[in-house]
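> Sending over a structure as structure tokens; questions will come in a sec.
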Amino acid sequence: MQVRYRYRIYPSPGQQQALARAFGCARVVYNDCLRVRDQAYAAGEKITDTDVQRRVITLAKLTPERAWLGQVASVALVQACQDARRAYKNWFDSLKGRRKGPKIRHPKPRRKHGRQSIRLTRNGYALHGEWLYVAKVGDLKIEWSRVLSSAPSSVTVIREPDGRYYASFVVQREATPLPACDREVGIDLGLASLVVTSDGETVANPRFYRAAQRRLRRAQRVLSRRQEGSANRARARHRVAVVHRKVRDARLDHAHKTALRLVRDNQAVYAEDLCVSGMARTRLAKSVADAGWSQLIRCITEKAAQYGRTFAKVGRFEPTSQVCSACGVKDGPKPLGVRQWACAACGTVHDRDVNAARNILALGRRERLNACGTGVRPPLEVAAGAEAGTRRSAA
Ligand SMILES: [Zn+2]
């Protein structure tokens, strides 16, 4: 398995300047790449990757406006070129319908005030003793908070908007399967609770973002009053970034813990395949972003692979909240906000989310058996109901 390990680094003021130069050059090369490709696309010309790279790096270095590109490690520039190529290709494939999943938007230019990064392959960095050597920057002090599981194949040096620096390594890690267990679980992702399981267990949604929101709003108001380009504005921007970072870290930590518990306690975990990006564009956006469903799903996927467990998503349009998990009768759409209902056919009283989680479990199991070739047809073959897509507005 390929995983990322991230460590905090502490560059000296001189190294910070060298890094700032490298970030700036990589950003310019990335944005130039996008521009060159956009121009070629608009003109209906085909342009090869080598040609793009030659124009934005090799030829650009010869011009007075881009001569400073020569001051930084060229491996970082080449990687920026490749990042732009991949971003462009993802968008293009999505545009032409060659890529599954939600539509990808046209890659945005990198901005000066956002997260800055350079990616380096083996010829751009080295590890020796306590230090991380980066070409044309020097030996960086690094905090080895855990042991690297293998020799890294690449490193990304990052400066977050709050001013912290990190090194993120791509390493190989052996899977460490846990002893098999016979429990399986379906999970329903929500807003009121982050997770409701088919066993009736709930994991609260701590809503870190909401809690920090007042602080964030105040910080942003201060920022908007500060004059463009002033030192005060830089300070205000830093404060906003710090609040954001705290929210992000707390949320990620919660996602890891929740995912670990689900994966450790169950041989298989099933979840609904949510169109999270579609939801995020509605007015629920803030809560959706807050809940961090996609982040949780990523954590579960990663941990299931690590610990030899199964994680599977079930179809997005299954009306998991309309069907009685006890008798299988479709009971019709439930008005939004109905948390409990009694099945008209068998009389079982259901908690809306637990019932949905149980249906997800049943669906997941059957889809899995199907995949094994037992020929069982998946249940809940009802056409995409309006309710299936909207029920989360209840929360
Ligand atoms: Zn029933």
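Letters A, B, ... go to the chains of the structure tokens in the order shown; residues in each chain start at 1; ligands are counted from 1 in the same order.
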Please identify every polymer residue within 12 Å of ligand 1, using only C-alpha atoms and all ligand atoms, and present the set as a PDB file with N, CA, C and O atoms, in the first residue's frame.


ATOM      1  N   GLN A 322     -36.845   4.415   2.940  1.00  0.00           N
ATOM      2  CA  GLN A 322     -38.278   4.173   2.706  1.00  0.00           C
ATOM      3  C   GLN A 322     -38.661   2.724   2.938  1.00  0.00           C
ATOM      4  O   GLN A 322     -39.826   2.405   3.101  1.00  0.00           O
ATOM      5  N   VAL A 323     -37.667   1.843   2.865  1.00  0.00           N
ATOM      6  CA  VAL A 323     -37.971   0.422   2.930  1.00  0.00           C
ATOM      7  C   VAL A 323     -37.839  -0.077   4.364  1.00  0.00           C
ATOM      8  O   VAL A 323     -36.910   0.298   5.072  1.00  0.00           O
ATOM      9  N   CYS A 324     -38.802  -0.887   4.767  1.00  0.00           N
ATOM     10  CA  CYS A 324     -38.758  -1.464   6.115  1.00  0.00           C
ATOM     11  C   CYS A 324     -37.671  -2.526   6.152  1.00  0.00           C
ATOM     12  O   CYS A 324     -37.671  -3.463   5.353  1.00  0.00           O
ATOM     13  N   SER A 325     -36.729  -2.388   7.086  1.00  0.00           N
ATOM     14  CA  SER A 325     -35.606  -3.327   7.135  1.00  0.00           C
ATOM     15  C   SER A 325     -36.024  -4.661   7.729  1.00  0.00           C
ATOM     16  O   SER A 325     -35.302  -5.640   7.640  1.00  0.00           O
ATOM     17  N   ALA A 326     -37.225  -4.693   8.351  1.00  0.00           N
ATOM     18  CA  ALA A 326     -37.675  -5.950   8.951  1.00  0.00           C
ATOM     19  C   ALA A 326     -38.384  -6.828   7.921  1.00  0.00           C
ATOM     20  O   ALA A 326     -38.118  -8.017   7.830  1.00  0.00           O
ATOM     21  N   CYS A 327     -39.308  -6.232   7.117  1.00  0.00           N
ATOM     22  CA  CYS A 327     -40.083  -7.064   6.203  1.00  0.00           C
ATOM     23  C   CYS A 327     -39.815  -6.749   4.733  1.00  0.00           C
ATOM     24  O   CYS A 327     -40.279  -7.466   3.859  1.00  0.00           O
ATOM     25  N   GLY A 328     -39.102  -5.679   4.448  1.00  0.00           N
ATOM     26  CA  GLY A 328     -38.724  -5.388   3.070  1.00  0.00           C
ATOM     27  C   GLY A 328     -39.769  -4.666   2.250  1.00  0.00           C
ATOM     28  O   GLY A 328     -39.592  -4.446   1.058  1.00  0.00           O
ATOM     29  N   VAL A 329     -40.861  -4.260   2.888  1.00  0.00           N
ATOM     30  CA  VAL A 329     -41.897  -3.544   2.148  1.00  0.00           C
ATOM     31  C   VAL A 329     -41.488  -2.075   1.999  1.00  0.00           C
ATOM     32  O   VAL A 329     -40.977  -1.469   2.943  1.00  0.00           O
ATOM     33  N   LYS A 330     -41.729  -1.535   0.799  1.00  0.00           N
ATOM     34  CA  LYS A 330     -41.437  -0.123   0.603  1.00  0.00           C
ATOM     35  C   LYS A 330     -42.612   0.681   1.139  1.00  0.00           C
ATOM     36  O   LYS A 330     -43.735   0.550   0.652  1.00  0.00           O
ATOM     37  N   ASP A 331     -42.349   1.473   2.140  1.00  0.00           N
ATOM     38  CA  ASP A 331     -43.415   2.140   2.874  1.00  0.00           C
ATOM     39  C   ASP A 331     -43.713   3.524   2.331  1.00  0.00           C
ATOM     40  O   ASP A 331     -44.525   4.245   2.881  1.00  0.00           O
ATOM     41  N   GLY A 332     -43.067   3.942   1.287  1.00  0.00           N
ATOM     42  CA  GLY A 332     -43.327   5.265   0.731  1.00  0.00           C
ATOM     43  C   GLY A 332     -42.462   6.318   1.363  1.00  0.00           C
ATOM     44  O   GLY A 332     -41.871   6.099   2.417  1.00  0.00           O
ATOM     45  N   TRP A 341     -40.798   5.996  12.461  1.00  0.00           N
ATOM     46  CA  TRP A 341     -42.032   5.620  11.769  1.00  0.00           C
ATOM     47  C   TRP A 341     -42.323   4.148  12.010  1.00  0.00           C
ATOM     48  O   TRP A 341     -41.428   3.366  12.307  1.00  0.00           O
ATOM     49  N   ALA A 342     -43.605   3.804  11.890  1.00  0.00           N
ATOM     50  CA  ALA A 342     -44.018   2.403  12.061  1.00  0.00           C
ATOM     51  C   ALA A 342     -44.360   1.851  10.691  1.00  0.00           C
ATOM     52  O   ALA A 342     -45.052   2.489   9.901  1.00  0.00           O
ATOM     53  N   CYS A 343     -43.858   0.666  10.389  1.00  0.00           N
ATOM     54  CA  CYS A 343     -44.119   0.041   9.094  1.00  0.00           C
ATOM     55  C   CYS A 343     -45.592  -0.336   8.994  1.00  0.00           C
ATOM     56  O   CYS A 343     -46.143  -0.972   9.894  1.00  0.00           O
ATOM     57  N   ALA A 344     -46.237   0.059   7.904  1.00  0.00           N
ATOM     58  CA  ALA A 344     -47.661  -0.216   7.719  1.00  0.00           C
ATOM     59  C   ALA A 344     -47.913  -1.710   7.528  1.00  0.00           C
ATOM     60  O   ALA A 344     -48.996  -2.214   7.822  1.00  0.00           O
ATOM     61  N   ALA A 345     -46.924  -2.432   7.029  1.00  0.00           N
ATOM     62  CA  ALA A 345     -47.119  -3.848   6.745  1.00  0.00           C
ATOM     63  C   ALA A 345     -46.896  -4.734   7.977  1.00  0.00           C
ATOM     64  O   ALA A 345     -47.713  -5.599   8.281  1.00  0.00           O
ATOM     65  N   CYS A 346     -45.776  -4.499   8.685  1.00  0.00           N
ATOM     66  CA  CYS A 346     -45.474  -5.411   9.795  1.00  0.00           C
ATOM     67  C   CYS A 346     -45.525  -4.732  11.150  1.00  0.00           C
ATOM     68  O   CYS A 346     -45.441  -5.393  12.182  1.00  0.00           O
ATOM     69  N   GLY A 347     -45.663  -3.416  11.170  1.00  0.00           N
ATOM     70  CA  GLY A 347     -45.832  -2.703  12.427  1.00  0.00           C
ATOM     71  C   GLY A 347     -44.558  -2.398  13.195  1.00  0.00           C
ATOM     72  O   GLY A 347     -44.605  -1.799  14.261  1.00  0.00           O
ATOM     73  N   THR A 348     -43.422  -2.801  12.651  1.00  0.00           N
ATOM     74  CA  THR A 348     -42.161  -2.512  13.343  1.00  0.00           C
ATOM     75  C   THR A 348     -41.938  -0.999  13.409  1.00  0.00           C
ATOM     76  O   THR A 348     -42.135  -0.302  12.415  1.00  0.00           O
ATOM     77  N   VAL A 349     -41.557  -0.526  14.571  1.00  0.00           N
ATOM     78  CA  VAL A 349     -41.257   0.894  14.709  1.00  0.00           C
ATOM     79  C   VAL A 349     -39.764   1.109  14.447  1.00  0.00           C
ATOM     80  O   VAL A 349     -38.930   0.432  15.044  1.00  0.00           O
ATOM     81  N   HIS A 350     -39.487   2.012  13.523  1.00  0.00           N
ATOM     82  CA  HIS A 350     -38.102   2.216  13.114  1.00  0.00           C
ATOM     83  C   HIS A 350     -37.595   3.595  13.480  1.00  0.00           C
ATOM     84  O   HIS A 350     -38.319   4.573  13.359  1.00  0.00           O
ATOM     85  N   ASN A 355     -32.789   2.330  10.617  1.00  0.00           N
ATOM     86  CA  ASN A 355     -33.426   1.550   9.557  1.00  0.00           C
ATOM     87  C   ASN A 355     -32.644   1.681   8.253  1.00  0.00           C
ATOM     88  O   ASN A 355     -32.390   0.688   7.563  1.00  0.00           O
ATOM     89  N   ASN A 359     -30.723  -1.271   6.108  1.00  0.00           N
ATOM     90  CA  ASN A 359     -30.913  -1.526   4.677  1.00  0.00           C
ATOM     91  C   ASN A 359     -29.583  -1.488   3.927  1.00  0.00           C
ATOM     92  O   ASN A 359     -29.351  -2.278   3.016  1.00  0.00           O
TER      93      ASN A 359
END

> Determine which residues of range 72-155 of chain A receive a DSSP assignment of alpha helix (DSSP H), computed from the backbone, and state them as number ranges by chain.

A: 74-95

> Would you mind listing what lies within 9 Å of Ala255 in chain A as a PyMOL selection string, with only C-alpha atoms counted and same-chain residues fewer than 2 positions away left out?

chain A and resi 250-253+257-260+292-293+295-297+299-300

> Please return, as an NGL selection string, all residues of range 133-343 of chain A that DSSP assigns to strand (DSSP E or B) on the basis of the backbone.

:A and (133-134 or 138-142 or 154-159 or 165-172 or 184-189 or 193-197 or 202-204 or 268-272 or 310-314 or 323 or 330 or 340-342)

> Skipping near chain neighbours, those fewer than 3 positions away, what residues fall within 9 Å of Asp353 in chain A using only C-alpha atoms, listed as a PDB file with N, CA, C and O atoms, in the first residue's frame?


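Dumped to out_16.pdb:
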ATOM      1  N   ILE A 187     -23.532   1.618   7.650  1.00  0.00           N
ATOM      2  CA  ILE A 187     -23.531   2.926   8.304  1.00  0.00           C
ATOM      3  C   ILE A 187     -24.300   3.952   7.469  1.00  0.00           C
ATOM      4  O   ILE A 187     -24.235   3.958   6.250  1.00  0.00           O
ATOM      5  N   ASP A 188     -25.055   4.769   8.186  1.00  0.00           N
ATOM      6  CA  ASP A 188     -25.792   5.859   7.551  1.00  0.00           C
ATOM      7  C   ASP A 188     -25.101   7.144   7.977  1.00  0.00           C
ATOM      8  O   ASP A 188     -24.941   7.414   9.165  1.00  0.00           O
ATOM      9  N   LEU A 189     -24.665   7.929   6.998  1.00  0.00           N
ATOM     10  CA  LEU A 189     -23.996   9.184   7.317  1.00  0.00           C
ATOM     11  C   LEU A 189     -25.023  10.293   7.407  1.00  0.00           C
ATOM     12  O   LEU A 189     -25.936  10.360   6.586  1.00  0.00           O
ATOM     13  N   GLY A 190     -24.874  11.125   8.400  1.00  0.00           N
ATOM     14  CA  GLY A 190     -25.869  12.182   8.565  1.00  0.00           C
ATOM     15  C   GLY A 190     -25.260  13.454   9.100  1.00  0.00           C
ATOM     16  O   GLY A 190     -24.041  13.585   9.194  1.00  0.00           O
ATOM     17  N   VAL A 195     -22.470   9.469  12.170  1.00  0.00           N
ATOM     18  CA  VAL A 195     -22.690   8.088  11.755  1.00  0.00           C
ATOM     19  C   VAL A 195     -23.764   7.463  12.627  1.00  0.00           C
ATOM     20  O   VAL A 195     -23.766   7.660  13.835  1.00  0.00           O
ATOM     21  N   VAL A 196     -24.693   6.730  11.989  1.00  0.00           N
ATOM     22  CA  VAL A 196     -25.597   5.844  12.726  1.00  0.00           C
ATOM     23  C   VAL A 196     -25.363   4.459  12.149  1.00  0.00           C
ATOM     24  O   VAL A 196     -25.361   4.280  10.936  1.00  0.00           O
ATOM     25  N   THR A 197     -25.090   3.476  13.027  1.00  0.00           N
ATOM     26  CA  THR A 197     -24.790   2.139  12.521  1.00  0.00           C
ATOM     27  C   THR A 197     -26.034   1.261  12.559  1.00  0.00           C
ATOM     28  O   THR A 197     -27.011   1.582  13.245  1.00  0.00           O
ATOM     29  N   SER A 198     -25.969   0.139  11.845  1.00  0.00           N
ATOM     30  CA  SER A 198     -27.093  -0.798  11.822  1.00  0.00           C
ATOM     31  C   SER A 198     -27.283  -1.461  13.188  1.00  0.00           C
ATOM     32  O   SER A 198     -28.319  -2.060  13.452  1.00  0.00           O
ATOM     33  N   GLY A 200     -27.438   0.327  15.782  1.00  0.00           N
ATOM     34  CA  GLY A 200     -28.112   1.355  16.549  1.00  0.00           C
ATOM     35  C   GLY A 200     -27.162   2.280  17.293  1.00  0.00           C
ATOM     36  O   GLY A 200     -27.569   3.103  18.107  1.00  0.00           O
ATOM     37  N   SER A 321     -34.186   4.765   3.118  1.00  0.00           N
ATOM     38  CA  SER A 321     -34.957   5.260   4.256  1.00  0.00           C
ATOM     39  C   SER A 321     -36.448   4.998   4.080  1.00  0.00           C
ATOM     40  O   SER A 321     -37.239   5.303   4.948  1.00  0.00           O
ATOM     41  N   ARG A 339     -38.425  11.364  12.304  1.00  0.00           N
ATOM     42  CA  ARG A 339     -37.287  10.596  12.816  1.00  0.00           C
ATOM     43  C   ARG A 339     -37.656   9.141  13.082  1.00  0.00           C
ATOM     44  O   ARG A 339     -36.793   8.276  13.119  1.00  0.00           O
ATOM     45  N   GLN A 340     -38.944   8.904  13.349  1.00  0.00           N
ATOM     46  CA  GLN A 340     -39.402   7.552  13.664  1.00  0.00           C
ATOM     47  C   GLN A 340     -40.647   7.238  12.867  1.00  0.00           C
ATOM     48  O   GLN A 340     -41.459   8.118  12.630  1.00  0.00           O
ATOM     49  N   HIS A 350     -39.487   2.012  13.523  1.00  0.00           N
ATOM     50  CA  HIS A 350     -38.102   2.216  13.114  1.00  0.00           C
ATOM     51  C   HIS A 350     -37.595   3.595  13.480  1.00  0.00           C
ATOM     52  O   HIS A 350     -38.319   4.573  13.359  1.00  0.00           O
ATOM     53  N   ALA A 356     -32.241   2.903   7.934  1.00  0.00           N
ATOM     54  CA  ALA A 356     -31.458   3.123   6.710  1.00  0.00           C
ATOM     55  C   ALA A 356     -30.146   2.348   6.785  1.00  0.00           C
ATOM     56  O   ALA A 356     -29.744   1.680   5.833  1.00  0.00           O
ATOM     57  N   ALA A 357     -29.497   2.402   7.929  1.00  0.00           N
ATOM     58  CA  ALA A 357     -28.221   1.701   8.096  1.00  0.00           C
ATOM     59  C   ALA A 357     -28.411   0.193   7.927  1.00  0.00           C
ATOM     60  O   ALA A 357     -27.575  -0.493   7.342  1.00  0.00           O
ATOM     61  N   ARG A 358     -29.537  -0.332   8.436  1.00  0.00           N
ATOM     62  CA  ARG A 358     -29.804  -1.774   8.300  1.00  0.00           C
ATOM     63  C   ARG A 358     -30.021  -2.149   6.840  1.00  0.00           C
ATOM     64  O   ARG A 358     -29.580  -3.209   6.388  1.00  0.00           O
TER      65      ARG A 358
END

> Please compute the CA of Trp131 in chain A-CA of Thr156 in chain A distance, one decimal, in Å.

15.0 Å

> Which residues are near Val134 in chain A? Cut-off 9 Å, only C-alpha atoms, ignore same chain within fewer than 5 positions. Put them as a ChimeraX atom specification.

/A:73,120,124-127,139-140

> Find the spatial neighbours of range 103-110 of chain A, counting only C-alpha atoms, within a cut-off of 8 Å - ignore same-chain residues fewer than 4 positions away - and output them as a PyMOL selection string.

chain A and resi 27+30-31+34+87-88+90-91+94-95+114

> Could you save those same residues with all heavy atoms as an mmCIF file, in the first residue's frame?


data_model
loop_
_atom_site.group_PDB
_atom_site.id
_atom_site.type_symbol
_atom_site.label_atom_id
_atom_site.label_comp_id
_atom_site.auth_asym_id
_atom_site.auth_seq_id
_atom_site.Cartn_x
_atom_site.Cartn_y
_atom_site.Cartn_z
ATOM 1 N N ARG A 27 4.768 27.592 -8.614
ATOM 2 C CA ARG A 27 3.430 28.142 -8.847
ATOM 3 C C ARG A 27 3.353 28.761 -10.243
ATOM 4 O O ARG A 27 2.405 28.518 -10.991
ATOM 5 C CB ARG A 27 3.128 29.191 -7.778
ATOM 6 C CG ARG A 27 1.701 29.672 -7.765
ATOM 7 C CD ARG A 27 1.461 30.648 -6.637
ATOM 8 N NE ARG A 27 2.239 31.876 -6.816
ATOM 9 C CZ ARG A 27 3.098 32.346 -5.937
ATOM 10 N NH1 ARG A 27 3.335 31.715 -4.807
ATOM 11 N NH2 ARG A 27 3.753 33.463 -6.177
ATOM 12 N N TYR A 30 3.388 26.080 -12.881
ATOM 13 C CA TYR A 30 2.074 25.409 -12.904
ATOM 14 C C TYR A 30 1.064 26.257 -13.666
ATOM 15 O O TYR A 30 0.386 25.784 -14.581
ATOM 16 C CB TYR A 30 1.616 25.187 -11.464
ATOM 17 C CG TYR A 30 0.294 24.460 -11.326
ATOM 18 C CD1 TYR A 30 0.252 23.074 -11.220
ATOM 19 C CD2 TYR A 30 -0.915 25.162 -11.271
ATOM 20 C CE1 TYR A 30 -0.951 22.398 -11.079
ATOM 21 C CE2 TYR A 30 -2.123 24.495 -11.139
ATOM 22 C CZ TYR A 30 -2.128 23.116 -11.038
ATOM 23 O OH TYR A 30 -3.334 22.451 -10.898
ATOM 24 N N ASN A 31 0.999 27.532 -13.308
ATOM 25 C CA ASN A 31 0.021 28.414 -13.958
ATOM 26 C C ASN A 31 0.337 28.631 -15.443
ATOM 27 O O ASN A 31 -0.568 28.692 -16.269
ATOM 28 C CB ASN A 31 -0.047 29.760 -13.226
ATOM 29 C CG ASN A 31 -0.604 29.592 -11.815
ATOM 30 O OD1 ASN A 31 -1.199 28.561 -11.507
ATOM 31 N ND2 ASN A 31 -0.419 30.589 -10.981
ATOM 32 N N LEU A 34 -0.948 25.648 -17.364
ATOM 33 C CA LEU A 34 -2.391 25.716 -17.605
ATOM 34 C C LEU A 34 -2.683 26.675 -18.748
ATOM 35 O O LEU A 34 -3.507 26.390 -19.617
ATOM 36 C CB LEU A 34 -3.143 26.171 -16.348
ATOM 37 C CG LEU A 34 -3.134 25.247 -15.140
ATOM 38 C CD1 LEU A 34 -4.016 25.820 -14.040
ATOM 39 C CD2 LEU A 34 -3.609 23.849 -15.498
ATOM 40 N N ALA A 87 -3.853 17.524 -13.534
ATOM 41 C CA ALA A 87 -5.069 18.288 -13.251
ATOM 42 C C ALA A 87 -5.820 18.568 -14.552
ATOM 43 O O ALA A 87 -7.043 18.452 -14.629
ATOM 44 C CB ALA A 87 -4.714 19.591 -12.544
ATOM 45 N N TYR A 88 -5.071 18.927 -15.574
ATOM 46 C CA TYR A 88 -5.684 19.249 -16.864
ATOM 47 C C TYR A 88 -6.320 18.008 -17.490
ATOM 48 O O TYR A 88 -7.430 18.052 -18.015
ATOM 49 C CB TYR A 88 -4.629 19.827 -17.804
ATOM 50 C CG TYR A 88 -5.210 20.775 -18.814
ATOM 51 C CD1 TYR A 88 -5.437 22.111 -18.490
ATOM 52 C CD2 TYR A 88 -5.580 20.338 -20.078
ATOM 53 C CE1 TYR A 88 -5.988 22.981 -19.396
ATOM 54 C CE2 TYR A 88 -6.139 21.205 -20.990
ATOM 55 C CZ TYR A 88 -6.336 22.523 -20.647
ATOM 56 O OH TYR A 88 -6.900 23.385 -21.553
ATOM 57 N N ASN A 90 -7.394 15.300 -15.915
ATOM 58 C CA ASN A 90 -8.589 14.908 -15.165
ATOM 59 C C ASN A 90 -9.800 15.708 -15.619
ATOM 60 O O ASN A 90 -10.881 15.170 -15.817
ATOM 61 C CB ASN A 90 -8.380 15.122 -13.665
ATOM 62 C CG ASN A 90 -7.441 14.086 -13.082
ATOM 63 O OD1 ASN A 90 -7.145 13.077 -13.714
ATOM 64 N ND2 ASN A 90 -6.972 14.346 -11.887
ATOM 65 N N TRP A 91 -9.594 17.002 -15.776
ATOM 66 C CA TRP A 91 -10.693 17.873 -16.209
ATOM 67 C C TRP A 91 -11.130 17.485 -17.624
ATOM 68 O O TRP A 91 -12.318 17.343 -17.907
ATOM 69 C CB TRP A 91 -10.244 19.337 -16.170
ATOM 70 C CG TRP A 91 -11.145 20.236 -16.935
ATOM 71 C CD1 TRP A 91 -12.411 20.615 -16.571
ATOM 72 C CD2 TRP A 91 -10.880 20.852 -18.200
ATOM 73 N NE1 TRP A 91 -12.941 21.432 -17.534
ATOM 74 C CE2 TRP A 91 -12.032 21.598 -18.546
ATOM 75 C CE3 TRP A 91 -9.786 20.860 -19.064
ATOM 76 C CZ2 TRP A 91 -12.111 22.332 -19.727
ATOM 77 C CZ3 TRP A 91 -9.869 21.597 -20.227
ATOM 78 C CH2 TRP A 91 -11.026 22.320 -20.548
ATOM 79 N N SER A 94 -12.927 14.187 -17.810
ATOM 80 C CA SER A 94 -14.257 14.346 -17.228
ATOM 81 C C SER A 94 -15.183 15.042 -18.234
ATOM 82 O O SER A 94 -16.334 14.658 -18.419
ATOM 83 C CB SER A 94 -14.133 15.165 -15.944
ATOM 84 O OG SER A 94 -15.385 15.417 -15.394
ATOM 85 N N LEU A 95 -14.630 16.020 -18.929
ATOM 86 C CA LEU A 95 -15.379 16.776 -19.939
ATOM 87 C C LEU A 95 -15.832 15.865 -21.076
ATOM 88 O O LEU A 95 -16.944 15.972 -21.585
ATOM 89 C CB LEU A 95 -14.465 17.881 -20.483
ATOM 90 C CG LEU A 95 -15.076 18.970 -21.357
ATOM 91 C CD1 LEU A 95 -15.916 19.896 -20.495
ATOM 92 C CD2 LEU A 95 -13.977 19.759 -22.052
ATOM 93 N N GLY A 114 -2.493 30.980 -0.852
ATOM 94 C CA GLY A 114 -3.000 29.688 -0.404
ATOM 95 C C GLY A 114 -1.885 28.818 0.143
ATOM 96 O O GLY A 114 -0.821 29.301 0.542
#
